[in-house]
Amino acid sequence: MHTKPLGITVSRHILDNQHLHPEATGELSSLLIELIVAAKTIAAEVNRAGLADILGQAGKTNVQGEDVQKLDEYANSLIKRRMSRCGYLCVMASEEEADIIPVTEGYEGKYTLAFDPLDGSSNIDVNVSIGTIFSIHRRRSVNGQGEETDLLQPGRNQVAAGYIIYGSSTMLVFTTGQGVDGFTLDPTVGEFYLSHPDITMPERAKYFSVNEGNTIYWDDRVRRYIDYLKAENRPTGRPLSGRYIGSLVADFHRNLISGGIFLYPSDRKNPAKPRGKLRLLYEAAPLAFIAEQAGGRAITDDGRDILDIEPEELHQRVPLIIGSKAAVDVAARFMAGEEPEA
Ligand code: AHM
Ligand code: MG
């Protein structure tokens, strides 16, 4: 079996693993390596965020007379700028932009990129972990500039997905459909090193993550499931501990490593479309791909697999239940109106 040596650089790892995809031309590898450069630049800026506050506020100029950008706008424009000329993409979509983002003419390639440049916006100003999420598909159209339909593909078609978490250290976690690996950034040399090879999500959940402030807006099935998680039943590992950061990447990452379930169900806050808060293309689908690759599971609150949903809109929202397989299996039963006995 091919072993993954701890401590190798992410570029080395990507190149070493190309042989797992016999059809590989090296373009996806190069695309990932470009994206990682953008991630490192964002990580550096995130680490300076407190300083930027001291030296000037977003929308104003700092003491050097330079414009200070909001961190999420900075991350968005950096990824756009860097990736639109990388030569491997035909179109992009970002949480920060209403429409599709064309690539630079003459640089069109065969992949699409959907991304959330800096997720967890409510945590940016309070020194709590935030993250970048990305999802890559092969284009459907043949050549030239890509179209919206190139991006509107089910998560099952993803060729790669991942996230970068800017936390106590910066980590990159991604999959190309051959398992999940995690890399930790050494900021002194600017390299990501393999620190978490072949991540598997513990089958049983230790934690549940949900915004309980929304309890009154949930329907009964969700309320009953959360009550179930909090009820005492030692053989099934309950009650679970509650952990909610309010940064999807950070909540997901903790549950991926330690075992847990994250829920953002539909609620009555938006009665016209009770479809949850999180976005399918660049939040739910990429994390669902990682979860499945790590042995976990991701569903909507009507029990469908997130990866099977055919997207209709770029910024479509979806109820999300994601995490350790056993816990999501039980959640699926609650969502179907069945309740386990114990
Ligand atoms: P954002 O894209 O505006 O940052 O919103 C997404 C975030 C997720 O990171 C997190 O899971 C969720 O919103 C938290 O929402 P709430 O504050 O409603 O609990
Ligand atoms: Mg977001």
# chains A, B, ... in the order shown; residues from 1 in each chain; ligands from 1

call {"tool": "residues_near_ligand", "arguments": {"ligand": "ligand 2", "cutoff": "12 Å", "atoms": "only C-alpha atoms and all ligand atoms", "output": "compact mmCIF listing (two decimals) with N, CA, C and O atoms, in the first residue's frame"}}
result
# COMPACT_ATOMS: atom_id res chain seq x y z
N ASP A 72 -13.09 39.77 4.40
CA ASP A 72 -13.78 38.87 3.46
C ASP A 72 -13.71 39.39 2.03
O ASP A 72 -13.58 38.63 1.08
N ASN A 76 -11.89 37.46 -1.07
CA ASN A 76 -12.62 37.26 -2.32
C ASN A 76 -11.83 37.79 -3.51
O ASN A 76 -11.63 37.09 -4.50
N SER A 94 -18.61 32.81 -6.20
CA SER A 94 -18.19 33.12 -4.84
C SER A 94 -19.38 33.54 -4.02
O SER A 94 -20.32 34.15 -4.55
N GLU A 95 -19.34 33.25 -2.73
CA GLU A 95 -20.43 33.72 -1.88
C GLU A 95 -20.56 35.23 -1.93
O GLU A 95 -21.64 35.78 -1.75
N GLU A 96 -19.46 35.90 -2.19
CA GLU A 96 -19.46 37.37 -2.16
C GLU A 96 -19.97 38.01 -3.44
O GLU A 96 -20.03 39.24 -3.52
N GLU A 97 -20.27 37.23 -4.48
CA GLU A 97 -20.65 37.82 -5.77
C GLU A 97 -21.96 37.22 -6.25
O GLU A 97 -22.11 36.00 -6.29
N ALA A 114 -16.11 26.90 -7.12
CA ALA A 114 -17.07 27.64 -6.29
C ALA A 114 -16.42 27.78 -4.92
O ALA A 114 -15.84 26.82 -4.42
N PHE A 115 -16.49 28.97 -4.35
CA PHE A 115 -15.80 29.16 -3.07
C PHE A 115 -16.52 30.14 -2.16
O PHE A 115 -17.24 31.03 -2.59
N ASP A 116 -16.32 29.90 -0.87
CA ASP A 116 -16.71 30.87 0.14
C ASP A 116 -15.39 31.43 0.65
O ASP A 116 -14.64 30.72 1.33
N PRO A 117 -15.06 32.67 0.29
CA PRO A 117 -13.70 33.16 0.57
C PRO A 117 -13.37 33.21 2.05
O PRO A 117 -12.26 32.87 2.46
N LEU A 118 -14.32 33.64 2.86
CA LEU A 118 -14.06 33.70 4.31
C LEU A 118 -15.37 33.45 5.03
O LEU A 118 -16.18 34.35 5.20
N ASP A 119 -15.55 32.20 5.41
CA ASP A 119 -16.81 31.82 6.04
C ASP A 119 -16.73 32.06 7.55
O ASP A 119 -15.66 31.93 8.15
N GLY A 120 -17.87 32.40 8.12
CA GLY A 120 -17.92 32.66 9.56
C GLY A 120 -17.76 34.15 9.83
O GLY A 120 -17.09 34.56 10.78
N SER A 121 -18.40 34.96 8.97
CA SER A 121 -18.14 36.40 9.00
C SER A 121 -18.39 37.03 10.37
O SER A 121 -17.71 37.98 10.75
N SER A 122 -19.35 36.45 11.13
CA SER A 122 -19.63 37.07 12.43
C SER A 122 -18.47 36.85 13.40
O SER A 122 -18.40 37.49 14.45
N ASN A 123 -17.55 35.97 13.05
CA ASN A 123 -16.42 35.70 13.94
C ASN A 123 -15.14 36.44 13.56
O ASN A 123 -14.14 36.35 14.27
N ILE A 124 -15.17 37.15 12.42
CA ILE A 124 -13.94 37.77 11.93
C ILE A 124 -13.39 38.78 12.94
O ILE A 124 -12.20 38.80 13.22
N ILE A 130 -12.08 31.13 11.49
CA ILE A 130 -12.87 31.31 10.27
C ILE A 130 -12.24 30.42 9.19
O ILE A 130 -11.21 29.79 9.46
N GLY A 131 -12.85 30.36 8.02
CA GLY A 131 -12.29 29.45 7.03
C GLY A 131 -12.65 29.82 5.60
O GLY A 131 -13.53 30.62 5.35
N THR A 132 -11.92 29.21 4.67
CA THR A 132 -12.21 29.32 3.23
C THR A 132 -12.65 27.93 2.77
O THR A 132 -12.02 26.93 3.16
N ILE A 133 -13.72 27.86 1.99
CA ILE A 133 -14.21 26.56 1.51
C ILE A 133 -14.17 26.57 -0.03
O ILE A 133 -14.51 27.59 -0.64
N PHE A 134 -13.78 25.45 -0.62
CA PHE A 134 -13.76 25.41 -2.09
C PHE A 134 -14.30 24.09 -2.64
O PHE A 134 -14.22 23.05 -1.98
N TYR A 163 -11.14 22.76 2.54
CA TYR A 163 -11.23 24.02 3.27
C TYR A 163 -9.90 24.35 3.91
O TYR A 163 -9.04 23.47 4.09
N GLY A 246 -20.23 28.74 15.47
CA GLY A 246 -20.87 29.68 14.56
C GLY A 246 -20.01 29.97 13.34
O GLY A 246 -20.28 30.88 12.58
N SER A 247 -18.95 29.17 13.18
CA SER A 247 -18.13 29.16 11.96
C SER A 247 -18.24 27.74 11.44
O SER A 247 -17.73 26.81 12.08
N LEU A 248 -18.88 27.58 10.30
CA LEU A 248 -19.13 26.24 9.79
C LEU A 248 -17.85 25.41 9.69
O LEU A 248 -17.81 24.25 10.09
N VAL A 249 -16.80 26.01 9.13
CA VAL A 249 -15.56 25.28 8.93
C VAL A 249 -15.02 24.79 10.27
O VAL A 249 -14.61 23.63 10.42
N ALA A 250 -15.03 25.65 11.27
CA ALA A 250 -14.47 25.28 12.57
C ALA A 250 -15.34 24.23 13.26
O ALA A 250 -14.82 23.27 13.83
N LYS A 277 -29.98 27.97 6.19
CA LYS A 277 -29.18 29.17 5.98
C LYS A 277 -28.00 28.93 5.05
O LYS A 277 -27.59 29.80 4.30
N LEU A 278 -27.46 27.74 5.11
CA LEU A 278 -26.17 27.51 4.45
C LEU A 278 -26.34 27.26 2.96
O LEU A 278 -27.40 26.83 2.50
N ARG A 279 -25.31 27.55 2.22
CA ARG A 279 -25.37 27.50 0.75
C ARG A 279 -24.88 26.14 0.26
O ARG A 279 -23.89 25.61 0.74
N LEU A 280 -25.59 25.66 -0.75
CA LEU A 280 -25.30 24.33 -1.26
C LEU A 280 -23.93 24.23 -1.94
O LEU A 280 -23.12 23.37 -1.62
N LEU A 281 -23.68 25.15 -2.88
CA LEU A 281 -22.54 24.93 -3.78
C LEU A 281 -21.18 25.08 -3.11
O LEU A 281 -20.25 24.38 -3.47
N TYR A 282 -21.05 26.04 -2.19
CA TYR A 282 -19.71 26.29 -1.66
C TYR A 282 -19.64 26.16 -0.14
O TYR A 282 -18.64 26.51 0.47
N GLU A 283 -20.71 25.68 0.49
CA GLU A 283 -20.63 25.36 1.91
C GLU A 283 -21.00 23.88 2.13
O GLU A 283 -20.17 23.07 2.54
N ALA A 284 -22.25 23.54 1.84
CA ALA A 284 -22.73 22.18 2.15
C ALA A 284 -22.07 21.10 1.28
O ALA A 284 -21.59 20.08 1.80
N HIS A 315 -26.69 30.47 -5.52
CA HIS A 315 -26.62 30.75 -4.08
C HIS A 315 -27.71 30.03 -3.30
O HIS A 315 -28.10 30.47 -2.22
N ARG A 317 -29.80 27.82 -0.92
CA ARG A 317 -29.57 27.40 0.47
C ARG A 317 -30.09 25.99 0.67
O ARG A 317 -30.99 25.56 -0.06

call {"tool": "residues_around", "arguments": {"residues": "A:Tyr244", "least_positions_apart": "4", "cutoff": "8 Å", "atoms": "only C-alpha atoms", "output": "PyMOL selection string"}}
result
chain A and resi 208-211+251

call {"tool": "closest_residue", "arguments": {"among": "A:Ala24, A:Val128, A:Ala294, A:Ile257", "to": "ligand 1", "atoms": "only C-alpha atoms and all ligand atoms"}}
result
A:Val128

call {"tool": "residues_around", "arguments": {"residues": "A:Asp16", "least_positions_apart": "2", "cutoff": "12 Å", "atoms": "only C-alpha atoms", "output": "PyMOL selection string"}}
result
chain A and resi 2-5+8-14+18-21+24+26+29

call {"tool": "write_last_selection", "arguments": {"atoms": "all heavy atoms", "output": "compact mmCIF listing (two decimals), in the first residue's frame"}}
result
# COMPACT_ATOMS: atom_id res chain seq x y z
N HIS A 2 0.41 2.26 -0.70
CA HIS A 2 1.14 3.53 -0.74
C HIS A 2 1.02 4.23 0.60
O HIS A 2 -0.08 4.47 1.09
CB HIS A 2 0.53 4.38 -1.85
CG HIS A 2 1.14 5.73 -1.97
ND1 HIS A 2 2.43 5.91 -2.40
CD2 HIS A 2 0.63 6.96 -1.71
CE1 HIS A 2 2.69 7.21 -2.42
NE2 HIS A 2 1.62 7.86 -2.01
N THR A 3 2.13 4.51 1.25
CA THR A 3 2.02 5.22 2.54
C THR A 3 2.25 6.70 2.31
O THR A 3 2.96 7.10 1.40
CB THR A 3 3.04 4.70 3.57
OG1 THR A 3 4.32 4.77 2.97
CG2 THR A 3 2.72 3.28 4.00
N LYS A 4 1.64 7.48 3.18
CA LYS A 4 1.77 8.92 3.05
C LYS A 4 2.68 9.41 4.16
O LYS A 4 2.27 9.42 5.32
CB LYS A 4 0.39 9.57 3.17
CG LYS A 4 -0.56 9.16 2.05
CD LYS A 4 -1.95 9.69 2.31
CE LYS A 4 -2.91 9.31 1.20
NZ LYS A 4 -4.30 9.59 1.56
N PRO A 5 3.90 9.77 3.83
CA PRO A 5 4.82 10.14 4.90
C PRO A 5 4.44 11.46 5.56
O PRO A 5 4.27 12.48 4.87
CB PRO A 5 6.18 10.24 4.19
CG PRO A 5 5.90 10.14 2.73
CD PRO A 5 4.46 9.85 2.50
N ILE A 8 5.56 15.54 4.67
CA ILE A 8 5.88 15.97 3.30
C ILE A 8 5.05 17.22 2.97
O ILE A 8 4.00 17.46 3.57
CB ILE A 8 5.62 14.88 2.23
CG1 ILE A 8 4.16 14.43 2.23
CG2 ILE A 8 6.57 13.72 2.39
CD1 ILE A 8 3.78 13.66 0.98
N THR A 9 5.53 17.99 2.02
CA THR A 9 4.81 19.22 1.68
C THR A 9 3.54 18.87 0.91
O THR A 9 3.45 17.80 0.28
CB THR A 9 5.65 20.16 0.81
OG1 THR A 9 5.88 19.52 -0.44
CG2 THR A 9 6.97 20.50 1.48
N VAL A 10 2.59 19.77 0.91
CA VAL A 10 1.33 19.50 0.22
C VAL A 10 1.55 19.36 -1.29
O VAL A 10 0.92 18.54 -1.94
CB VAL A 10 0.26 20.56 0.58
CG1 VAL A 10 0.61 21.94 0.06
CG2 VAL A 10 -1.11 20.13 0.09
N SER A 11 2.49 20.12 -1.85
CA SER A 11 2.73 20.00 -3.30
C SER A 11 3.27 18.61 -3.63
O SER A 11 2.84 17.96 -4.58
CB SER A 11 3.75 21.04 -3.78
OG SER A 11 3.44 22.28 -3.25
N ARG A 12 4.22 18.16 -2.81
CA ARG A 12 4.78 16.81 -3.01
C ARG A 12 3.66 15.76 -2.91
O ARG A 12 3.56 14.86 -3.71
CB ARG A 12 5.83 16.61 -1.89
CG ARG A 12 6.54 15.32 -1.83
CD ARG A 12 7.65 15.22 -2.84
NE ARG A 12 7.27 14.29 -3.88
CZ ARG A 12 7.79 14.27 -5.10
NH1 ARG A 12 8.68 15.18 -5.47
NH2 ARG A 12 7.43 13.38 -5.98
N HIS A 13 2.81 15.93 -1.91
CA HIS A 13 1.71 14.99 -1.69
C HIS A 13 0.78 14.97 -2.91
O HIS A 13 0.38 13.90 -3.38
CB HIS A 13 0.94 15.42 -0.44
CG HIS A 13 -0.37 14.73 -0.26
ND1 HIS A 13 -0.50 13.55 0.44
CD2 HIS A 13 -1.62 15.03 -0.72
CE1 HIS A 13 -1.76 13.17 0.40
NE2 HIS A 13 -2.46 14.05 -0.28
N ILE A 14 0.44 16.14 -3.42
CA ILE A 14 -0.47 16.21 -4.57
C ILE A 14 0.17 15.52 -5.77
O ILE A 14 -0.46 14.72 -6.47
CB ILE A 14 -0.84 17.68 -4.88
CG1 ILE A 14 -1.74 18.25 -3.78
CG2 ILE A 14 -1.51 17.81 -6.24
CD1 ILE A 14 -1.98 19.74 -3.86
N GLN A 18 -1.03 11.77 -7.80
CA GLN A 18 -1.62 11.89 -9.14
C GLN A 18 -1.86 10.52 -9.77
O GLN A 18 -2.83 10.34 -10.49
CB GLN A 18 -0.66 12.68 -10.02
CG GLN A 18 -1.33 13.84 -10.71
CD GLN A 18 -0.32 14.71 -11.41
OE1 GLN A 18 0.04 15.76 -10.94
NE2 GLN A 18 0.17 14.22 -12.54
N HIS A 19 -1.01 9.55 -9.44
CA HIS A 19 -1.14 8.23 -10.07
C HIS A 19 -2.43 7.51 -9.65
O HIS A 19 -2.85 6.56 -10.28
CB HIS A 19 0.07 7.36 -9.74
CG HIS A 19 0.05 6.86 -8.33
ND1 HIS A 19 0.47 7.62 -7.26
CD2 HIS A 19 -0.41 5.70 -7.80
CE1 HIS A 19 0.30 6.93 -6.15
NE2 HIS A 19 -0.24 5.77 -6.44
N LEU A 20 -3.07 7.98 -8.57
CA LEU A 20 -4.34 7.36 -8.15
C LEU A 20 -5.46 7.68 -9.14
O LEU A 20 -6.52 7.08 -9.11
CB LEU A 20 -4.73 7.85 -6.75
CG LEU A 20 -3.76 7.50 -5.61
CD1 LEU A 20 -4.16 8.19 -4.32
CD2 LEU A 20 -3.74 5.97 -5.41
N HIS A 21 -5.22 8.69 -9.97
CA HIS A 21 -6.21 9.08 -10.98
C HIS A 21 -5.58 8.83 -12.35
O HIS A 21 -4.86 9.68 -12.86
CB HIS A 21 -6.57 10.57 -10.82
CG HIS A 21 -7.10 10.91 -9.46
ND1 HIS A 21 -8.43 10.91 -9.15
CD2 HIS A 21 -6.46 11.25 -8.32
CE1 HIS A 21 -8.60 11.24 -7.88
NE2 HIS A 21 -7.42 11.46 -7.35
N ALA A 24 -5.35 11.39 -15.04
CA ALA A 24 -4.86 12.72 -14.67
C ALA A 24 -3.88 13.30 -15.68
O ALA A 24 -3.01 12.61 -16.20
CB ALA A 24 -4.20 12.65 -13.30
N GLY A 26 -2.48 16.33 -14.75
CA GLY A 26 -1.67 17.24 -13.93
C GLY A 26 -2.33 18.59 -13.75
O GLY A 26 -1.89 19.41 -12.95
N SER A 29 -3.92 19.00 -10.26
CA SER A 29 -2.83 19.19 -9.29
C SER A 29 -2.36 20.64 -9.33
O SER A 29 -2.20 21.29 -8.29
CB SER A 29 -1.65 18.28 -9.62
OG SER A 29 -2.06 16.94 -9.61

call {"tool": "residues_around", "arguments": {"residues": "stretch 149-160 of chain A", "least_positions_apart": "3", "cutoff": "6 Å", "atoms": "only C-alpha atoms", "output": "PyMOL selection string"}}
result
chain A and resi 136-137+139-140+175-176+285+307-311

call {"tool": "closest_residue", "arguments": {"among": "A:Lys40, A:Arg333, A:Arg224, A:Arg275", "to": "A:Gly303", "atoms": "only C-alpha atoms"}}
result
A:Arg333

call {"tool": "select_by_dssp", "arguments": {"residues": "stretch 152-299 of chain A", "states": "alpha helix (DSSP H)", "output": "ChimeraX atom specification"}}
result
/A:220-230,248-258,285-293

call {"tool": "atom_distance", "arguments": {"atom1": "atom CA of A:Thr300", "atom2": "atom CA of A:Val318"}}
result
6.8 Å
